[in-house]
Structures are given as structure tokens and as C-alpha cells.
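Asker: Take a look at structure.cif, mmCIF, C-alpha atoms:
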data_structure
loop_
_atom_site.label_atom_id
_atom_site.label_comp_id
_atom_site.auth_asym_id
_atom_site.auth_seq_id
_atom_site.Cartn_x
_atom_site.Cartn_y
_atom_site.Cartn_z
CA MET A 1 16.99 14.66 -6.20
CA VAL A 2 15.82 11.04 -6.30
CA ILE A 3 13.36 8.91 -8.26
CA LYS A 4 12.68 5.58 -6.56
CA VAL A 5 11.53 2.33 -8.13
CA THR A 6 10.16 -0.55 -6.06
CA ASN A 7 8.51 -3.93 -6.61
CA PHE A 8 5.81 -3.15 -4.02
CA PRO A 9 3.14 -2.39 -6.69
CA LYS A 10 3.55 -5.93 -8.02
CA PHE A 11 3.33 -7.37 -4.51
CA TYR A 12 0.21 -5.36 -3.70
CA ARG A 13 -1.43 -6.19 -7.05
CA GLU A 14 -0.86 -9.92 -6.65
CA MET A 15 -2.12 -9.86 -3.07
CA GLN A 16 -5.35 -8.24 -4.23
CA GLU A 17 -5.84 -10.53 -7.20
CA MET A 18 -4.61 -13.88 -5.83
CA GLY A 19 -4.23 -13.48 -2.06
CA MET A 20 -0.56 -14.39 -2.43
CA SER A 21 2.55 -12.99 -4.08
CA THR A 22 5.60 -14.15 -6.00
CA VAL A 23 7.53 -11.28 -4.40
CA LYS A 24 9.79 -12.68 -1.70
CA GLU A 25 11.10 -9.34 -0.49
CA VAL A 26 10.07 -5.79 -1.25
CA VAL A 27 13.05 -3.70 -2.26
CA ASP A 28 13.49 -0.21 -3.65
CA ARG A 29 16.36 1.50 -5.39
CA ASP A 30 17.26 5.04 -6.39
CA LEU A 31 17.53 6.21 -9.99
CA THR A 32 20.44 8.57 -9.57
CA ASP A 33 20.96 9.12 -13.30
CA ILE A 34 18.54 9.43 -16.18
CA PRO A 35 19.69 7.52 -19.31
CA GLU A 36 19.90 9.11 -22.73
CA ASP A 37 17.01 7.15 -24.25
CA LEU A 38 13.83 5.28 -23.35
CA GLU A 39 15.10 1.84 -24.33
CA THR A 40 17.93 2.05 -21.81
CA PHE A 41 15.53 3.31 -19.16
CA PHE A 42 13.22 0.34 -19.72
CA GLN A 43 16.11 -2.13 -19.65
CA GLN A 44 17.22 -0.74 -16.29
CA ASN A 45 13.72 -0.80 -14.75
CA PRO A 46 11.89 -4.08 -15.42
CA GLU A 47 9.47 -3.42 -12.53
CA ILE A 48 8.05 -0.41 -14.34
CA CYS A 49 7.79 -2.40 -17.59
CA GLU A 50 5.78 -5.08 -15.81
CA ASN A 51 3.42 -2.48 -14.34
CA ASN A 52 2.97 -1.00 -17.82
CA LEU A 53 2.06 -4.36 -19.35
CA HIS A 54 -0.45 -5.12 -16.61
CA LEU A 55 -2.28 -1.84 -17.24
CA THR A 56 -2.33 -2.01 -21.05
CA ALA A 57 -3.75 -5.55 -20.88
CA GLN A 58 -6.96 -4.16 -19.37
CA SER A 59 -9.97 -3.04 -21.38
CA ASP A 60 -10.99 0.59 -21.22
CA ILE A 61 -13.83 1.54 -18.89
CA PRO A 62 -16.43 4.01 -20.28
CA LEU A 63 -17.10 6.57 -17.57
CA PRO A 64 -20.33 8.45 -16.88
CA ARG A 65 -20.21 12.21 -16.47
CA ASP A 66 -21.40 12.21 -12.85
CA GLY A 67 -18.55 12.53 -10.38
CA VAL A 68 -15.86 12.75 -13.08
CA LEU A 69 -13.53 15.72 -13.33
CA PHE A 70 -12.31 15.68 -16.93
CA LEU A 71 -9.21 17.67 -17.90
CA THR A 72 -8.36 18.70 -21.42
CA GLN A 73 -4.89 19.11 -22.92
CA ARG A 74 -2.48 21.42 -21.08
CA ARG A 75 -4.65 21.47 -17.92
CA GLN A 76 -3.98 20.34 -14.34
CA ALA A 77 -6.00 19.82 -11.15
CA THR A 78 -5.58 18.37 -7.67
CA SER A 79 -8.43 16.92 -5.63
CA ASP A 80 -8.94 15.60 -2.11
CA ILE A 81 -12.09 13.52 -1.78
CA ARG A 82 -12.20 14.36 1.93
CA GLU A 83 -12.89 18.02 1.19
CA ASN A 84 -14.83 17.60 -2.06
CA PRO A 85 -16.75 14.31 -2.49
CA ALA A 86 -18.32 15.71 -5.69
CA VAL A 87 -15.13 14.70 -7.53
CA GLN A 88 -14.89 10.90 -7.44
CA VAL A 89 -12.67 10.41 -10.49
CA ILE A 90 -10.09 12.55 -12.30
CA GLY A 91 -9.29 11.69 -15.90
CA SER A 92 -8.06 12.91 -19.27
CA HIS A 93 -7.64 11.60 -22.80
CA ALA A 94 -6.20 12.39 -26.25
CA ALA A 95 -2.73 11.40 -25.05
CA MET A 96 -1.09 10.50 -28.35
CA THR A 97 2.22 12.37 -28.25
CA CYS A 98 0.95 14.14 -25.11
CA HIS A 99 1.57 12.69 -21.65
CA ILE A 100 -0.86 12.37 -18.75
CA VAL A 101 0.85 12.50 -15.35
CA ILE A 102 -1.00 11.16 -12.30
CA MET A 103 0.35 11.66 -8.78
CA ARG A 104 -1.11 10.28 -5.54
CA HIS A 105 -0.10 10.43 -1.90
CA THR A 106 -0.01 6.95 -0.39
CA GLU A 107 -1.46 8.01 2.97
CA SER A 108 -3.75 11.02 2.41
CA HIS A 109 -4.95 9.73 -1.01
CA VAL A 110 -4.84 13.27 -2.43
CA CYS A 111 -4.50 12.99 -6.21
CA SER A 112 -3.29 15.32 -8.94
CA LEU A 113 -3.43 15.00 -12.73
CA GLY A 114 -1.68 17.04 -15.40
CA HIS A 115 -1.91 16.77 -19.20
CA PHE A 116 1.44 17.77 -20.74
CA ASP A 117 2.00 18.28 -24.47
CA ASN A 118 4.91 19.31 -26.71
CA PHE A 119 4.36 22.96 -25.87
CA SER A 120 4.65 22.36 -22.13
CA CYS A 121 7.51 19.83 -22.29
CA TRP A 122 10.31 20.50 -24.74
CA GLN A 123 9.60 23.00 -27.53
CA PHE A 124 11.25 25.78 -25.52
CA GLY A 125 14.07 23.60 -24.21
CA ASP A 126 14.51 21.51 -21.07
CA GLU A 127 15.05 24.62 -18.98
CA SER A 128 11.67 26.10 -19.88
CA SER A 129 9.42 26.37 -16.88
CA ALA A 130 6.18 24.92 -18.25
CA HIS A 131 6.59 21.25 -17.37
CA LYS A 132 8.82 21.82 -14.35
CA GLU A 133 6.42 24.35 -12.81
CA GLY A 134 3.49 22.08 -13.62
CA ILE A 135 5.09 19.15 -11.83
CA ARG A 136 6.12 21.36 -8.93
CA THR A 137 2.55 22.64 -8.64
CA MET A 138 1.15 19.10 -8.54
CA ILE A 139 3.55 18.17 -5.74
CA ASP A 140 2.96 21.36 -3.77
CA GLU A 141 -0.82 20.98 -3.94
CA ILE A 142 -0.66 17.35 -2.83
CA GLU A 143 1.62 18.23 0.07
CA TYR A 144 -0.58 21.17 1.11
CA LEU A 145 -3.78 19.11 1.16
CA SER A 146 -2.10 16.10 2.82
CA LYS A 147 -1.29 18.20 5.91
CA GLY A 148 -0.75 15.87 8.90
CA ASP A 149 -0.61 12.78 6.68
CA LEU A 150 2.26 14.12 4.61
CA ASP A 151 5.13 12.45 6.45
CA LYS A 152 3.20 9.20 6.93
CA GLY A 153 3.45 8.38 3.22
CA HIS A 154 4.99 9.52 -0.04
CA ILE A 155 4.03 10.51 -3.59
CA GLN A 156 3.69 7.93 -6.35
CA VAL A 157 3.91 9.01 -9.99
CA SER A 158 2.46 7.34 -13.09
CA VAL A 159 2.91 8.60 -16.66
CA PHE A 160 0.82 7.57 -19.70
CA GLY A 161 0.74 8.51 -23.38
CA GLY A 162 3.50 9.15 -25.85
CA TYR A 163 3.21 6.36 -28.42
CA SER A 164 6.06 5.73 -30.90
CA ASP A 165 5.20 8.47 -33.39
CA PRO A 166 7.04 8.94 -36.71
CA ARG A 167 8.65 12.28 -35.77
CA GLY A 168 9.75 11.21 -32.31
CA ASP A 169 7.96 14.08 -30.54
CA ALA A 170 6.53 11.79 -27.89
CA SER A 171 9.90 10.41 -26.82
CA LYS A 172 11.15 13.99 -26.38
CA ASN A 173 8.21 14.61 -24.05
CA SER A 174 8.95 11.40 -22.15
CA MET A 175 12.61 12.18 -21.54
CA SER A 176 11.82 15.80 -20.68
CA LEU A 177 9.40 14.68 -17.98
CA LEU A 178 11.86 12.12 -16.60
CA ARG A 179 14.53 14.79 -16.24
CA ALA A 180 12.02 17.12 -14.60
CA PHE A 181 11.14 14.44 -12.02
CA GLN A 182 14.84 13.94 -11.35
CA ASP A 183 15.33 17.67 -10.76
CA GLU A 184 12.60 17.75 -8.10
CA GLU A 185 13.47 18.26 -4.42
CA THR A 186 10.86 15.75 -3.32
CA THR A 187 11.58 12.03 -3.59
CA LEU A 188 9.07 10.41 -5.96
CA GLU A 189 8.21 6.74 -6.51
CA LEU A 190 7.75 6.03 -10.21
CA VAL A 191 5.15 3.27 -10.70
CA HIS A 192 4.20 3.48 -14.40
CA PHE A 193 6.02 5.00 -17.33
CA CYS A 194 3.66 3.69 -19.98
CA VAL A 195 5.12 5.42 -23.03
CA GLY A 196 6.95 4.49 -26.22
CA LYS A 197 6.78 0.79 -27.08
CA TYR A 198 4.62 0.07 -24.00
CA ASN A 199 1.89 2.33 -25.32
CA THR A 200 2.06 1.51 -29.02
CA LYS A 201 0.08 -0.86 -31.23
CA LYS A 202 -0.68 -1.14 -34.95
CA ASP A 203 -3.93 0.21 -36.38
CA LYS A 204 -5.85 -1.46 -39.21
CA ASP A 205 -3.56 0.19 -41.77
CA GLY A 206 -0.38 -1.00 -40.07
CA ASN A 207 0.53 2.40 -38.62
CA ASN A 208 1.54 3.03 -35.02
CA THR A 209 -1.15 4.31 -32.67
CA ALA A 210 -1.58 4.63 -28.91
CA ILE A 211 -3.01 1.87 -26.70
CA LEU A 212 -3.94 4.08 -23.74
CA ILE A 213 -5.53 7.21 -25.13
CA GLY A 214 -7.41 8.00 -21.93
CA VAL A 215 -6.68 7.22 -18.26
CA ALA A 216 -8.26 8.06 -14.94
CA ILE A 217 -7.83 7.54 -11.20
CA ASP A 218 -10.61 6.65 -8.77
CA LEU A 219 -10.15 8.82 -5.69
CA ASN A 220 -11.95 6.29 -3.47
CA THR A 221 -10.10 3.13 -4.45
CA GLN A 222 -6.93 4.89 -5.71
CA ARG A 223 -7.05 2.63 -8.76
CA ILE A 224 -5.57 3.92 -12.01
CA PHE A 225 -7.24 2.50 -15.12
CA HIS A 226 -7.69 2.73 -18.88
CA ALA A 227 -10.70 5.02 -19.36
CA SER A 228 -12.87 6.46 -22.10
CA PHE A 229 -15.26 9.38 -21.93
CA PRO A 230 -18.06 8.76 -24.46
CA TRP A 231 -19.83 12.00 -23.57
CA ASN A 232 -16.75 14.13 -24.26
CA ASN A 233 -17.27 15.12 -27.88
CA PHE A 234 -17.68 18.24 -29.98
CA GLU A 235 -21.39 18.52 -29.19
CA ASP A 236 -20.69 18.34 -25.46
CA PHE A 237 -17.87 20.88 -25.73
CA SER A 238 -20.14 23.27 -27.63
CA LYS A 239 -22.81 22.89 -24.96
CA GLN A 240 -20.30 23.75 -22.22
CA LEU A 241 -19.21 26.89 -24.08
CA GLN A 242 -22.84 27.91 -24.64
CA ASP A 243 -23.65 27.36 -20.95
CA LYS A 244 -20.65 29.43 -19.86
CA PHE A 245 -21.63 32.28 -22.22
CA MET A 246 -25.25 32.26 -21.02
CA ARG A 247 -24.20 32.39 -17.36
CA ARG A 248 -21.75 35.25 -17.92
CA THR A 249 -24.30 37.28 -19.87
CA GLY A 250 -27.16 36.66 -17.44
CA GLN A 251 -29.23 34.59 -19.88
CA GLY A 252 -29.67 31.56 -17.62
CA ARG A 253 -28.06 28.17 -18.01
CA ILE A 254 -28.40 24.85 -19.82
CA LEU A 255 -26.25 22.69 -17.51
CA ASN A 256 -27.20 21.97 -13.91
CA ASP A 257 -25.29 23.73 -11.14
CA GLU A 258 -23.87 20.48 -9.78
CA GLU A 259 -22.03 19.85 -13.05
CA TYR A 260 -20.95 23.47 -13.41
CA CYS A 261 -19.72 23.79 -9.81
CA LYS A 262 -18.10 20.35 -9.46
CA THR A 263 -14.90 21.84 -8.00
CA LYS A 264 -16.59 24.50 -5.86
CA LYS A 265 -15.40 22.85 -2.62
CA SER A 266 -11.92 22.10 -3.94
CA THR A 267 -9.06 24.24 -2.64
CA PHE A 268 -7.27 24.02 -5.99
CA LYS A 269 -9.33 24.46 -9.16
CA PRO A 270 -8.44 23.12 -12.62
CA LYS A 271 -5.97 25.45 -14.29
CA GLY A 272 -3.77 25.90 -17.33
CA LEU A 273 -0.22 24.65 -16.96
CA ARG A 274 1.13 28.04 -18.04
CA ASN A 275 -1.34 30.18 -16.10
CA PRO A 276 0.64 32.87 -14.19
CA ASN A 277 -1.95 32.78 -11.37
CA THR A 278 -1.34 29.07 -10.78
CA TYR A 279 0.94 29.49 -7.79
CA LYS A 280 -0.60 32.40 -5.87
CA LYS A 281 -2.15 30.25 -3.16
CA LEU A 282 0.98 28.19 -2.75
CA GLN A 283 3.22 31.24 -2.45
CA ASN A 284 1.23 32.36 0.60
CA ALA A 285 0.65 28.89 2.05
CA ASN A 286 2.79 27.35 4.79
CA LEU A 287 2.70 23.67 3.88
CA ILE A 288 3.45 22.40 7.42
CA PRO A 289 3.36 25.25 9.97
CA GLY A 290 6.41 25.32 12.20
CA GLN A 291 8.01 22.32 10.51
CA GLU A 292 10.56 22.02 7.72
CA LYS A 293 9.57 19.89 4.76
CA ASN A 294 11.26 16.49 4.77
CA THR A 295 11.99 15.69 1.14
CA GLN A 296 13.74 12.34 1.70
CA LYS A 297 11.30 9.50 2.21
CA SER A 298 11.87 6.03 3.59
CA PHE A 299 9.09 3.92 2.10
CA ASN A 300 9.36 1.09 4.66
CA TYR A 301 7.17 -1.21 2.58
CA ASN A 302 8.40 -4.31 4.40
CA SER A 303 6.62 -3.20 7.58
CA ILE A 304 3.41 -3.26 5.53
CA ILE A 305 4.17 -6.78 4.33
CA GLU A 306 4.63 -7.97 7.90
CA THR A 307 1.16 -6.65 8.70
CA LEU A 308 -0.40 -8.32 5.64
CA LYS A 309 1.38 -11.67 6.23
CA PRO A 310 1.41 -12.60 2.53
CA ALA A 311 1.68 -16.09 1.14
CA VAL A 312 4.78 -16.26 -1.04
CA ILE A 313 5.20 -18.63 -3.97
CA ASN A 314 8.64 -20.25 -4.16
#
Represent the structure of the file as C-alpha cells.
Answerer:
Amino acid sequence: MVIKVTNFPKFYREMQEMGMSTVKEVVDRDLTDIPEDLETFFQQNPEICENNLHLTAQSDIPLPRDGVLFLTQRRQATSDIRENPAVQVIGSHAAMTCHIVIMRHTESHVCSLGHFDNFSCWQFGDESSAHKEGIRTMIDEIEYLSKGDLDKGHIQVSVFGGYSDPRGDASKNSMSLLRAFQDEETTLELVHFCVGKYNTKKDKDGNNTAILIGVAIDLNTQRIFHASFPWNNFEDFSKQLQDKFMRRTGQGRILNDEEYCKTKKSTFKPKGLRNPNTYKKLQNANLIPGQEKNTQKSFNYNSIIETLKPAVIN
């Protein structure tokens, strides 16, 4: 279908930071074709490059455990803070050749995060269902939870990870995801595509490594940021496994119920990207009762600008 790119994120960012903007007019355009390589994609989309640079210039924010839904590799979850205030932030890390995809609805503020790796992107070919079904699930869950707000906004997409690795696995993931977005029925606005050279730096030995290893989105502010999870280590993982075993065998627990049941009120629980049970709820759900889904979106950002009355720098 259509991927859209717009300069509205820059306008909105400058308005928040400076109270004025260098953007004279908000425009959007359709990406009707996906280029053969990342370099061409970046050359054609300077707005996305600028968004990437703004994010990688920020320091990482260490997050506490409370209120954070952390997803490991090859996992996905969608959360609506209106139905489950226990989840304030969704995040993931270890995105070296992997890619973290964050989607948000501009009106309902429902957010979804998926952690895609080689296995779920390209190792079985572009026509394999892992990444395409994962992306489709993220969109379907956002649309289901957005309900009456669905047609008042649209879905923004941001992608992080995939540094310039020696074997080129990450770039295969990047291009596979781009093609999967393009194949979607729903129009998506691509805000960040922070991969390749925009997520690569040199380590102390002169080798390439990733800049953004972990990212998260705050469900209250809708801010996406560079994040770290200092409590997520082998000791913590072992404790989680021990707690799960003790609960299942009736031996008590070592973690409090609030941490264990963080997604109890969420309609859609965290799940594996290749889990065959992923789509059962969506197969039986009518996204908008009595109404066909409108997949073409008119962003109409200029009406928002008129309301904000920005100061524009000549």
C-alpha cells in the first residue's frame, strides 16, 4: 500500500524545544517504491535521517523496573494505558543486528512494540510469514484498542537497531521490514528508520557497534527514547524463571504479584512473534462494528499547525 514520510515530527519537536519552528509548511509524500539498498533510501528521505540523528544524539535513560514492560528478542506486545495503567513504558534492548519496531496511534496513543531478529525477518525468505504476521498483528491490535479514535488519527512507525555489521545481516533485516511495511494494507507514517550508518559507531578497538542498543516509549508522553535496563541481567532472568517454576509447582513465589501480573488488565499479552495462538482474538474480533476499515489516511497536519500558531524562522 503506502508508506508516508512527513516533516511534521521536526515541526513538533522544534515547537516543544524552542517554541518556534524552521518548518514553513508541513508536507507529506508517499513512498510508492522501496529502493534496493539503505543508502538510496536515506538519500531519498532526509526527514527520516534528521529524526534519526536527533534521537542518537541523546544519552540513554536508565529505567527502573516499576511500570516498565520489557520485551526480549522475538517478542511483541501492545498496550493501552487507558485500560492498563500498570504499564507506563514498553521497551526492549539487545538490538544489534535485530530490529525493534515501535508503533503508536496518534489519537488513541495505543502503542505496540516488536523485537524482530534474523529468524523472523529474512532467513526463510521475504515471503515467510514471521515478520509480516508480526507487523500485521501490531497494527491489528492497535486498531482494535483504538476503537472510536481509530479514524481520528493514524499509525506512526519507528524502527531501531541493525548496525553496520560485517556480514550484512542487519541490512537484510532492515530491507525486509521496509518491504513488509510497503505490503501492508494500512497506510503507515515512517518517523524513524535508525539503522545502518545512523545506528553505528566505533568501539574502543575500532570495530563497528550499535549506538542504540535499547529503546523505549513512554505511554503517557508518547516519547520514544534511548533506554537502558540495568536490572535486566542474568541474575534477574534466573530469578524470573525460578519464580515462574515455584508458582507453577505450588511452592510460593519470590516476586510480588504486581510485577508478575503487570499485563493482567491488558487485552493483548506479550507473545512470541511465531506463536500460532497470536491471532485468535483478532480472528474473532470485529475491529469497528458495522463499519469498513478505512486504510487510506489523510494526515491533515496543517490543520494542527493552524491551531498551534507556530512562530516560523525565515
Asker: Point out the residue among A:Leu273, A:Leu53, A:Ala180, A:Ile211 with the least atom-to-atom distance to Ile3 of chain A, counting all atoms listed in the file.
Answerer: A:Ala180
Asker: What's the separation between atom CA of Cys111 of chain A and atom CA of Met20 of chain A, in Å to one decimal place?
Answerer: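 If I compute the distance from atom CA of Cys111 of chain A to atom CA of Met20 of chain A, I get 27.9 Å.
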Asker: Calculate how many Å separate atom CA of Leu38 of chain A from atom CA of Lys132 of chain A, rounding to one decimal.
Answerer: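 Computing it gives 19.5 Å between the two atoms.
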Asker: When distances are computed from only C-alpha atoms, which of A:Lys269, A:Arg75, A:Arg247, A:His109 shows the smallest separation from Gln222 of chain A?
Answerer: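 Residue with the minimum atom-to-atom distance to Gln222 of chain A: A:His109.
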Asker: Measure the distance from atom CA of Leu177 of chain A to atom CA of Lys202 of chain A in Å and round it to one decimal.
Answerer: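 Between atom CA of Leu177 of chain A and atom CA of Lys202 of chain A the gap is 25.3 Å.
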Asker: Out of A:Asp165, A:Asp183, A:Glu189, A:Glu107, which residue has the shortest atom-to-atom distance to Asn207 of chain A when counting only C-alpha atoms?
Answerer: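 Among A:Asp165, A:Asp183, A:Glu189, A:Glu107, it is A:Asp165 that comes nearest to Asn207 of chain A.
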Asker: Counting only C-alpha atoms, which residue out of A:Gln156, A:Val195, A:Leu113, A:Lys147 sits closest to Thr6 of chain A?
Answerer: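 For Thr6 of chain A, the nearest of the candidates is A:Gln156.
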Asker: Set the distance at 9 Å and use all atoms listed in the file: which residues neighbour Ser108 of chain A once local chain neighbours fewer than 2 positions away are removed? I'd like the list as a list in words.
Answerer: Asp80, Arg104, His105, Thr106, Val110, Cys111, Ile142, Leu145, Ser146, Lys147, Gly148, Asp149, Leu150, Lys152 and Gly153 of chain A
Asker: Considering only C-alpha atoms, state which residue in the set A:Met15, A:Val87, A:Ala77, A:Met175 is at the smallest distance from Asn118 of chain A.
Answerer: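 Closest to Asn118 of chain A of all the choices is A:Met175.
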Asker: My list of candidates is A:Asn51, A:Gln44, A:Thr32, A:Thr72. Which is closest to Asn7 of chain A when distances are computed with only C-alpha atoms?
Answerer: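 Among A:Asn51, A:Gln44, A:Thr32, A:Thr72, it is A:Asn51 that comes nearest to Asn7 of chain A.
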Asker: Enumerate, as an mmCIF file with C-alpha atoms, keeping the file's coordinate frame, the protein, DNA and RNA residues whose atoms approach (-3.4, 20.0, -12.9) to within 10 Å, taking into account all atoms listed in the file and the coordinate frame of the file.
Answerer:
data_model
loop_
_atom_site.group_PDB
_atom_site.id
_atom_site.type_symbol
_atom_site.label_atom_id
_atom_site.label_comp_id
_atom_site.auth_asym_id
_atom_site.auth_seq_id
_atom_site.Cartn_x
_atom_site.Cartn_y
_atom_site.Cartn_z
ATOM 1 C CA LEU A 71 -9.210 17.670 -17.900
ATOM 2 C CA THR A 72 -8.360 18.700 -21.420
ATOM 3 C CA ARG A 74 -2.480 21.420 -21.080
ATOM 4 C CA ARG A 75 -4.650 21.470 -17.920
ATOM 5 C CA GLN A 76 -3.980 20.340 -14.340
ATOM 6 C CA ALA A 77 -6.000 19.820 -11.150
ATOM 7 C CA THR A 78 -5.580 18.370 -7.670
ATOM 8 C CA SER A 79 -8.430 16.920 -5.630
ATOM 9 C CA ILE A 100 -0.860 12.370 -18.750
ATOM 10 C CA VAL A 101 0.850 12.500 -15.350
ATOM 11 C CA ILE A 102 -1.000 11.160 -12.300
ATOM 12 C CA CYS A 111 -4.500 12.990 -6.210
ATOM 13 C CA SER A 112 -3.290 15.320 -8.940
ATOM 14 C CA LEU A 113 -3.430 15.000 -12.730
ATOM 15 C CA GLY A 114 -1.680 17.040 -15.400
ATOM 16 C CA HIS A 115 -1.910 16.770 -19.200
ATOM 17 C CA PHE A 116 1.440 17.770 -20.740
ATOM 18 C CA GLY A 134 3.490 22.080 -13.620
ATOM 19 C CA ILE A 135 5.090 19.150 -11.830
ATOM 20 C CA THR A 137 2.550 22.640 -8.640
ATOM 21 C CA MET A 138 1.150 19.100 -8.540
ATOM 22 C CA GLU A 141 -0.820 20.980 -3.940
ATOM 23 C CA PHE A 268 -7.270 24.020 -5.990
ATOM 24 C CA LYS A 269 -9.330 24.460 -9.160
ATOM 25 C CA PRO A 270 -8.440 23.120 -12.620
ATOM 26 C CA LYS A 271 -5.970 25.450 -14.290
ATOM 27 C CA GLY A 272 -3.770 25.900 -17.330
ATOM 28 C CA LEU A 273 -0.220 24.650 -16.960
ATOM 29 C CA THR A 278 -1.340 29.070 -10.780
#
Asker: I'd like to see the residues matched by the PyMOL selection byres ((chain A and resi 4) around 7) on this file, and ideally I'd get them as an NGL selection string.
Answerer: :A and (2-3 or 5-6 or 28-31 or 188-190)
Asker: Is it possible to get the residues within 12 Å of (-15.3, 12.5, -14.5) (coordinates as in the file, counting all atoms listed in the file) written as a ChimeraX atom specification?
Answerer: /A:61-72,86-93,214-219,227-232,259,262-263
Asker: With the PyMOL selection byres ((chain A and resi 209) around 12) as the selection, what would be picked from this file? Answer as a list in words, please.
Answerer: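 Applying the expression gives Ala94, Ala95, Met96, Thr97, Gly161, Gly162, Tyr163, Ser164, Asp165, Pro166, Ala170, Val195, Gly196, Lys197, Tyr198, Asn199, Thr200, Lys201, Lys202, Asp203, Lys204, Asp205, Gly206, Asn207, Asn208, Ala210, Ile211, Leu212 and Ile213 of chain A.
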